[in-house]
Amino acid sequence: MAKGTDTNEAEAPQVTSPTMAKKYKIKGGAETLNYPGFKHPVTKAHLEGEKAEVFIKAFKKLDAKANADRAQGTPEINNFDKFIEVG
Amino acid sequence: MACSIAAGRAAASGCGTATKAGLNELNAWLVNRADIAFGAVSASTGISATFTMSGVTVVYPYAFDSRGFQFDETMTTDQNTGAITHKPVVTGRFIGLSGKNRADVELLKNTNLCMIVEAKSGLFLVFGATAGLTLDTNTAGSTAENLGEILTLSTSEANPESEKYFQLLDTDAATTLALIVAAE
């Protein structure tokens, strides 16, 4: 049965790690962020809370809108990378 | 529906707090009413805490000129049936006379819409959630007082709102704003 044991080991179900949720921080370790185009201050707690992905989606939409309105020849706006650290 | 009053309203509940008047013309959204559903409005707070969009639908940011952007609502009671209905009226202006403004007015005709707008006090308000708003009137003018396209969005006589406007609040103002912007 030694061979069988080897086979069983080979066929043992793979343990997959659960998908790790991304973690977000305000760059520079600040407690609050006034994201350009977003009227209300965003706190560290917002970015670490259960609605973090909603804030991230909103920030990316704001960047996209800012780029759509940007004058031709001006550099691309990427406030997300400027203000948010993804862990 | 309750037939007798069951709660008071002390000064501490808000009567004595200074509140900034007006709507924020840069934080307004229109959405096809059929595409959005709001969570139940609390009878005690007048707040709905959630909304869901159907499928891949979106809310549309809609900027108006700051002058004359306003909301009024009137409740009426049918003299014969006693039925209570509400008529919200939102007035806004697209500044200037232009082909673009004309086209935007045309696009609003025959729509059935719900509006989410942030008041200058920081509260998010929802108009037209039960029956929907339609383009009720439009005037265009060239003088300083009426330059551009002035619109009123309101309910039709045949299809009034069955409920008053309400407040939308998920956790706090920042989270509510993020939910709306994410739905654009």
# chains A, B, ... in the order shown; residues from 1 in each chain; ligands from 1

call {"tool": "residues_around", "arguments": {"residues": "Asn79 (chain A)", "least_positions_apart": "3", "cutoff": "8 Å", "atoms": "only C-alpha atoms", "output": "list in words"}}
result
Tyr35, Pro36, Asp63, Lys82 and Phe83 of chain A

call {"tool": "interface_residues", "arguments": {"of": "chain A", "to": "chain B", "cutoff": "7 Å", "atoms": "only C-alpha atoms", "output": "PyMOL selection string"}}
result
chain A and resi 40-42+54-55+57-58+61

call {"tool": "atom_distance", "arguments": {"atom1": "CA of Phe51 (chain B)", "atom2": "CA of Arg33 (chain B)"}}
result
11.8 Å

call {"tool": "select_by_dssp", "arguments": {"residues": "region 82-151 of chain B", "states": "strand (DSSP E)", "output": "PyMOL selection string"}}
result
chain B and resi 84-94+113-119+124-127+134-141+148-151

call {"tool": "write_last_selection", "arguments": {"atoms": "C-alpha atoms", "output": "PDB file, in the first residue's frame"}}
result
ATOM      1  CA  ILE B  84     -52.910  62.438   0.112  1.00  0.00           C
ATOM      2  CA  THR B  85     -50.416  63.071  -2.670  1.00  0.00           C
ATOM      3  CA  HIS B  86     -47.238  65.081  -3.077  1.00  0.00           C
ATOM      4  CA  LYS B  87     -45.999  67.243  -5.914  1.00  0.00           C
ATOM      5  CA  PRO B  88     -42.263  67.861  -5.897  1.00  0.00           C
ATOM      6  CA  VAL B  89     -40.992  70.555  -8.259  1.00  0.00           C
ATOM      7  CA  VAL B  90     -37.296  70.917  -9.080  1.00  0.00           C
ATOM      8  CA  THR B  91     -36.243  74.028 -10.983  1.00  0.00           C
ATOM      9  CA  GLY B  92     -32.851  74.268 -12.643  1.00  0.00           C
ATOM     10  CA  ARG B  93     -31.096  76.161 -15.403  1.00  0.00           C
ATOM     11  CA  PHE B  94     -28.656  75.234 -18.116  1.00  0.00           C
ATOM     12  CA  LEU B 113     -36.746  60.252 -13.492  1.00  0.00           C
ATOM     13  CA  CYS B 114     -35.669  60.224  -9.911  1.00  0.00           C
ATOM     14  CA  MET B 115     -33.320  62.904  -8.588  1.00  0.00           C
ATOM     15  CA  ILE B 116     -30.725  62.608  -5.859  1.00  0.00           C
ATOM     16  CA  VAL B 117     -29.274  65.914  -4.782  1.00  0.00           C
ATOM     17  CA  GLU B 118     -27.048  67.059  -1.981  1.00  0.00           C
ATOM     18  CA  ALA B 119     -28.377  70.052  -0.086  1.00  0.00           C
ATOM     19  CA  PHE B 124     -28.658  63.861   0.405  1.00  0.00           C
ATOM     20  CA  LEU B 125     -32.298  64.163  -0.656  1.00  0.00           C
ATOM     21  CA  VAL B 126     -34.316  62.022  -3.039  1.00  0.00           C
ATOM     22  CA  PHE B 127     -37.168  63.385  -5.143  1.00  0.00           C
ATOM     23  CA  THR B 134     -40.871  64.389 -15.855  1.00  0.00           C
ATOM     24  CA  LEU B 135     -39.866  67.524 -17.707  1.00  0.00           C
ATOM     25  CA  ASP B 136     -42.855  69.683 -16.851  1.00  0.00           C
ATOM     26  CA  THR B 137     -41.959  73.094 -18.272  1.00  0.00           C
ATOM     27  CA  ASN B 138     -39.087  74.659 -20.188  1.00  0.00           C
ATOM     28  CA  THR B 139     -38.500  78.317 -20.961  1.00  0.00           C
ATOM     29  CA  ALA B 140     -35.552  79.736 -22.832  1.00  0.00           C
ATOM     30  CA  GLY B 141     -34.410  83.330 -22.662  1.00  0.00           C
ATOM     31  CA  GLY B 148     -30.345  79.843 -20.976  1.00  0.00           C
ATOM     32  CA  GLU B 149     -32.801  77.017 -20.562  1.00  0.00           C
ATOM     33  CA  ILE B 150     -34.869  76.998 -17.407  1.00  0.00           C
ATOM     34  CA  LEU B 151     -36.476  73.664 -16.610  1.00  0.00           C
TER      35      LEU B 151
END

call {"tool": "residues_around", "arguments": {"residues": "Glu31 (chain A)", "least_positions_apart": "4", "cutoff": "9 Å", "atoms": "only C-alpha atoms", "output": "VMD selection string"}}
result
chain A and resid 26 42 to 45

call {"tool": "residues_around", "arguments": {"residues": "Ile77 (chain A)", "least_positions_apart": "4", "cutoff": "9 Å", "atoms": "only C-alpha atoms", "output": "PyMOL selection string"}}
result
chain A and resi 63-64+66-67+70

call {"tool": "write_last_selection", "arguments": {"atoms": "N, CA and C atoms", "output": "CSV table (one decimal), in the first residue's frame"}}
result
chain,number,residue,atom,x,y,z
A,63,ASP,N,-11.3,60.2,-11.2
A,63,ASP,CA,-10.1,60.4,-12.1
A,63,ASP,C,-10.5,60.3,-13.6
A,64,ALA,N,-11.3,59.3,-13.9
A,64,ALA,CA,-11.7,59.2,-15.3
A,64,ALA,C,-12.5,60.4,-15.8
A,66,ALA,N,-12.2,63.5,-14.6
A,66,ALA,CA,-11.2,64.6,-14.7
A,66,ALA,C,-10.4,64.5,-15.9
A,67,ASN,N,-10.0,63.2,-16.3
A,67,ASN,CA,-9.3,63.0,-17.5
A,67,ASN,C,-10.1,63.3,-18.8
A,70,ARG,N,-10.1,67.0,-19.2
A,70,ARG,CA,-8.8,67.7,-19.2
A,70,ARG,C,-8.4,68.2,-20.6

call {"tool": "atom_distance", "arguments": {"atom1": "CA of Ala71 (chain A)", "atom2": "CA of Tyr60 (chain B)"}}
result
22.3 Å

call {"tool": "atom_distance", "arguments": {"atom1": "CA of Asn159 (chain B)", "atom2": "CA of Asp65 (chain B)"}}
result
28.2 Å

call {"tool": "residues_around", "arguments": {"residues": "Thr111 (chain B)", "least_positions_apart": "6", "cutoff": "12 Å", "atoms": "only C-alpha atoms", "output": "PDB file with N, CA and C atoms, in the first residue's frame"}}
result
ATOM      1  N   LEU B  30     -29.426  62.512 -11.842  1.00  0.00           N
ATOM      2  CA  LEU B  30     -30.703  62.033 -12.348  1.00  0.00           C
ATOM      3  C   LEU B  30     -30.533  60.572 -12.729  1.00  0.00           C
ATOM      4  N   VAL B  31     -31.577  59.817 -12.489  1.00  0.00           N
ATOM      5  CA  VAL B  31     -31.534  58.382 -12.820  1.00  0.00           C
ATOM      6  C   VAL B  31     -32.918  57.978 -13.305  1.00  0.00           C
ATOM      7  N   ASN B  32     -32.963  57.084 -14.273  1.00  0.00           N
ATOM      8  CA  ASN B  32     -34.255  56.557 -14.698  1.00  0.00           C
ATOM      9  C   ASN B  32     -34.896  55.887 -13.496  1.00  0.00           C
ATOM     10  N   ARG B  33     -36.127  56.286 -13.206  1.00  0.00           N
ATOM     11  CA  ARG B  33     -36.745  55.801 -11.964  1.00  0.00           C
ATOM     12  C   ARG B  33     -36.844  54.283 -11.937  1.00  0.00           C
ATOM     13  N   ALA B  34     -37.062  53.688 -13.083  1.00  0.00           N
ATOM     14  CA  ALA B  34     -37.202  52.226 -13.133  1.00  0.00           C
ATOM     15  C   ALA B  34     -35.891  51.506 -12.830  1.00  0.00           C
ATOM     16  N   VAL B 105     -32.105  69.542 -23.215  1.00  0.00           N
ATOM     17  CA  VAL B 105     -33.528  69.689 -22.879  1.00  0.00           C
ATOM     18  C   VAL B 105     -34.344  68.647 -23.644  1.00  0.00           C
ATOM     19  N   ALA B 131     -43.316  57.917  -8.038  1.00  0.00           N
ATOM     20  CA  ALA B 131     -43.987  58.051  -9.347  1.00  0.00           C
ATOM     21  C   ALA B 131     -43.025  58.553 -10.423  1.00  0.00           C
ATOM     22  N   GLY B 132     -42.055  59.343 -10.010  1.00  0.00           N
ATOM     23  CA  GLY B 132     -41.052  59.835 -10.960  1.00  0.00           C
ATOM     24  C   GLY B 132     -41.312  61.250 -11.436  1.00  0.00           C
ATOM     25  N   LEU B 133     -40.230  61.914 -11.795  1.00  0.00           N
ATOM     26  CA  LEU B 133     -40.303  63.290 -12.296  1.00  0.00           C
ATOM     27  C   LEU B 133     -40.246  63.275 -13.817  1.00  0.00           C
ATOM     28  N   THR B 134     -40.964  64.223 -14.408  1.00  0.00           N
ATOM     29  CA  THR B 134     -40.871  64.389 -15.855  1.00  0.00           C
ATOM     30  C   THR B 134     -40.565  65.852 -16.140  1.00  0.00           C
ATOM     31  N   LEU B 135     -40.093  66.122 -17.333  1.00  0.00           N
ATOM     32  CA  LEU B 135     -39.866  67.524 -17.707  1.00  0.00           C
ATOM     33  C   LEU B 135     -41.226  68.179 -17.839  1.00  0.00           C
ATOM     34  N   ASP B 136     -41.520  69.086 -16.917  1.00  0.00           N
ATOM     35  CA  ASP B 136     -42.855  69.683 -16.851  1.00  0.00           C
ATOM     36  C   ASP B 136     -42.931  70.962 -17.674  1.00  0.00           C
ATOM     37  N   LEU B 153     -38.779  70.129 -13.353  1.00  0.00           N
ATOM     38  CA  LEU B 153     -39.045  68.694 -13.341  1.00  0.00           C
ATOM     39  C   LEU B 153     -40.071  68.457 -12.247  1.00  0.00           C
ATOM     40  N   SER B 154     -41.143  67.773 -12.582  1.00  0.00           N
ATOM     41  CA  SER B 154     -42.188  67.557 -11.594  1.00  0.00           C
ATOM     42  C   SER B 154     -42.989  66.313 -11.937  1.00  0.00           C
ATOM     43  N   THR B 155     -43.920  65.990 -11.067  1.00  0.00           N
ATOM     44  CA  THR B 155     -44.794  64.845 -11.344  1.00  0.00           C
ATOM     45  C   THR B 155     -45.950  65.314 -12.223  1.00  0.00           C
ATOM     46  N   SER B 156     -46.564  64.367 -12.926  1.00  0.00           N
ATOM     47  CA  SER B 156     -47.734  64.723 -13.739  1.00  0.00           C
ATOM     48  C   SER B 156     -48.979  64.698 -12.845  1.00  0.00           C
TER      49      SER B 156
END

call {"tool": "residues_around", "arguments": {"residues": "Gly39 (chain B)", "least_positions_apart": "3", "cutoff": "10 Å", "atoms": "only C-alpha atoms", "output": "JSON, numbers by chain"}}
result
{"B": [42, 47, 48, 49, 50, 51, 52, 168]}

call {"tool": "select_by_dssp", "arguments": {"residues": "region 12-179 of chain B", "states": "alpha helix (DSSP H)", "output": "VMD selection string"}}
result
chain B and resid 99 to 108 173 to 179

call {"tool": "closest_residue", "arguments": {"among": "B:Thr152, B:Pro160, B:Leu147, B:Ala37", "to": "Ser98 (chain B)", "atoms": "only C-alpha atoms"}}
result
B:Leu147

call {"tool": "decode", "arguments": {"residues": "region 88-174 of chain B", "atoms": "C-alpha atoms", "output": "JSON list (two decimals), in the first residue's frame"}}
result
[["chain", "number", "residue", "atom", "x", "y", "z"],
["B", 88, "PRO", "CA", -42.26, 67.86, -5.90],
["B", 89, "VAL", "CA", -40.99, 70.56, -8.26],
["B", 90, "VAL", "CA", -37.30, 70.92, -9.08],
["B", 91, "THR", "CA", -36.24, 74.03, -10.98],
["B", 92, "GLY", "CA", -32.85, 74.27, -12.64],
["B", 93, "ARG", "CA", -31.10, 76.16, -15.40],
["B", 94, "PHE", "CA", -28.66, 75.23, -18.12],
["B", 95, "ILE", "CA", -26.76, 78.49, -18.46],
["B", 96, "GLY", "CA", -26.51, 80.05, -21.91],
["B", 97, "LEU", "CA", -28.26, 79.51, -25.20],
["B", 98, "SER", "CA", -26.51, 76.80, -27.17],
["B", 99, "GLY", "CA", -27.15, 73.78, -29.29],
["B", 100, "LYS", "CA", -25.83, 71.58, -26.49],
["B", 101, "ASN", "CA", -28.30, 73.00, -23.97],
["B", 102, "ARG", "CA", -31.12, 72.63, -26.46],
["B", 103, "ALA", "CA", -30.14, 69.00, -27.05],
["B", 104, "ASP", "CA", -30.01, 68.31, -23.31],
["B", 105, "VAL", "CA", -33.53, 69.69, -22.88],
["B", 106, "GLU", "CA", -34.75, 67.50, -25.73],
["B", 107, "LEU", "CA", -33.24, 64.44, -24.05],
["B", 108, "LEU", "CA", -35.24, 65.12, -20.89],
["B", 109, "LYS", "CA", -38.59, 65.07, -22.68],
["B", 110, "ASN", "CA", -40.78, 62.04, -21.99],
["B", 111, "THR", "CA", -38.45, 60.62, -19.34],
["B", 112, "ASN", "CA", -39.47, 59.33, -15.92],
["B", 113, "LEU", "CA", -36.75, 60.25, -13.49],
["B", 114, "CYS", "CA", -35.67, 60.22, -9.91],
["B", 115, "MET", "CA", -33.32, 62.90, -8.59],
["B", 116, "ILE", "CA", -30.72, 62.61, -5.86],
["B", 117, "VAL", "CA", -29.27, 65.91, -4.78],
["B", 118, "GLU", "CA", -27.05, 67.06, -1.98],
["B", 119, "ALA", "CA", -28.38, 70.05, -0.09],
["B", 120, "LYS", "CA", -25.89, 72.69, 1.04],
["B", 121, "SER", "CA", -26.52, 71.46, 4.56],
["B", 122, "GLY", "CA", -24.76, 68.24, 3.49],
["B", 123, "LEU", "CA", -27.86, 66.03, 3.41],
["B", 124, "PHE", "CA", -28.66, 63.86, 0.41],
["B", 125, "LEU", "CA", -32.30, 64.16, -0.66],
["B", 126, "VAL", "CA", -34.32, 62.02, -3.04],
["B", 127, "PHE", "CA", -37.17, 63.39, -5.14],
["B", 128, "GLY", "CA", -39.55, 61.43, -7.35],
["B", 129, "ALA", "CA", -38.88, 57.96, -6.00],
["B", 130, "THR", "CA", -42.45, 56.62, -6.15],
["B", 131, "ALA", "CA", -43.99, 58.05, -9.35],
["B", 132, "GLY", "CA", -41.05, 59.84, -10.96],
["B", 133, "LEU", "CA", -40.30, 63.29, -12.30],
["B", 134, "THR", "CA", -40.87, 64.39, -15.85],
["B", 135, "LEU", "CA", -39.87, 67.52, -17.71],
["B", 136, "ASP", "CA", -42.85, 69.68, -16.85],
["B", 137, "THR", "CA", -41.96, 73.09, -18.27],
["B", 138, "ASN", "CA", -39.09, 74.66, -20.19],
["B", 139, "THR", "CA", -38.50, 78.32, -20.96],
["B", 140, "ALA", "CA", -35.55, 79.74, -22.83],
["B", 141, "GLY", "CA", -34.41, 83.33, -22.66],
["B", 142, "SER", "CA", -31.62, 85.71, -23.57],
["B", 143, "THR", "CA", -31.65, 88.35, -20.85],
["B", 144, "ALA", "CA", -29.40, 88.29, -17.80],
["B", 145, "GLU", "CA", -32.32, 87.19, -15.62],
["B", 146, "ASN", "CA", -33.35, 84.23, -17.71],
["B", 147, "LEU", "CA", -30.31, 83.44, -19.84],
["B", 148, "GLY", "CA", -30.34, 79.84, -20.98],
["B", 149, "GLU", "CA", -32.80, 77.02, -20.56],
["B", 150, "ILE", "CA", -34.87, 77.00, -17.41],
["B", 151, "LEU", "CA", -36.48, 73.66, -16.61],
["B", 152, "THR", "CA", -38.94, 72.38, -14.09],
["B", 153, "LEU", "CA", -39.04, 68.69, -13.34],
["B", 154, "SER", "CA", -42.19, 67.56, -11.59],
["B", 155, "THR", "CA", -44.79, 64.84, -11.34],
["B", 156, "SER", "CA", -47.73, 64.72, -13.74],
["B", 157, "GLU", "CA", -51.28, 65.42, -12.51],
["B", 158, "ALA", "CA", -52.28, 61.85, -13.28],
["B", 159, "ASN", "CA", -49.33, 60.29, -11.48],
["B", 160, "PRO", "CA", -48.37, 62.18, -8.31],
["B", 161, "GLU", "CA", -45.93, 61.02, -5.67],
["B", 162, "SER", "CA", -47.50, 58.88, -2.98],
["B", 163, "GLU", "CA", -44.74, 59.72, -0.52],
["B", 164, "LYS", "CA", -42.81, 62.79, 0.49],
["B", 165, "TYR", "CA", -39.20, 63.31, -0.48],
["B", 166, "PHE", "CA", -36.75, 61.54, 1.83],
["B", 167, "GLN", "CA", -33.15, 61.58, 2.94],
["B", 168, "LEU", "CA", -30.57, 59.06, 1.74],
["B", 169, "LEU", "CA", -27.85, 58.24, 4.24],
["B", 170, "ASP", "CA", -25.59, 55.23, 4.36],
["B", 171, "THR", "CA", -23.33, 55.49, 7.43],
["B", 172, "ASP", "CA", -22.26, 59.10, 6.79],
["B", 173, "ALA", "CA", -22.16, 61.75, 4.07],
["B", 174, "ALA", "CA", -18.81, 60.56, 2.64]]
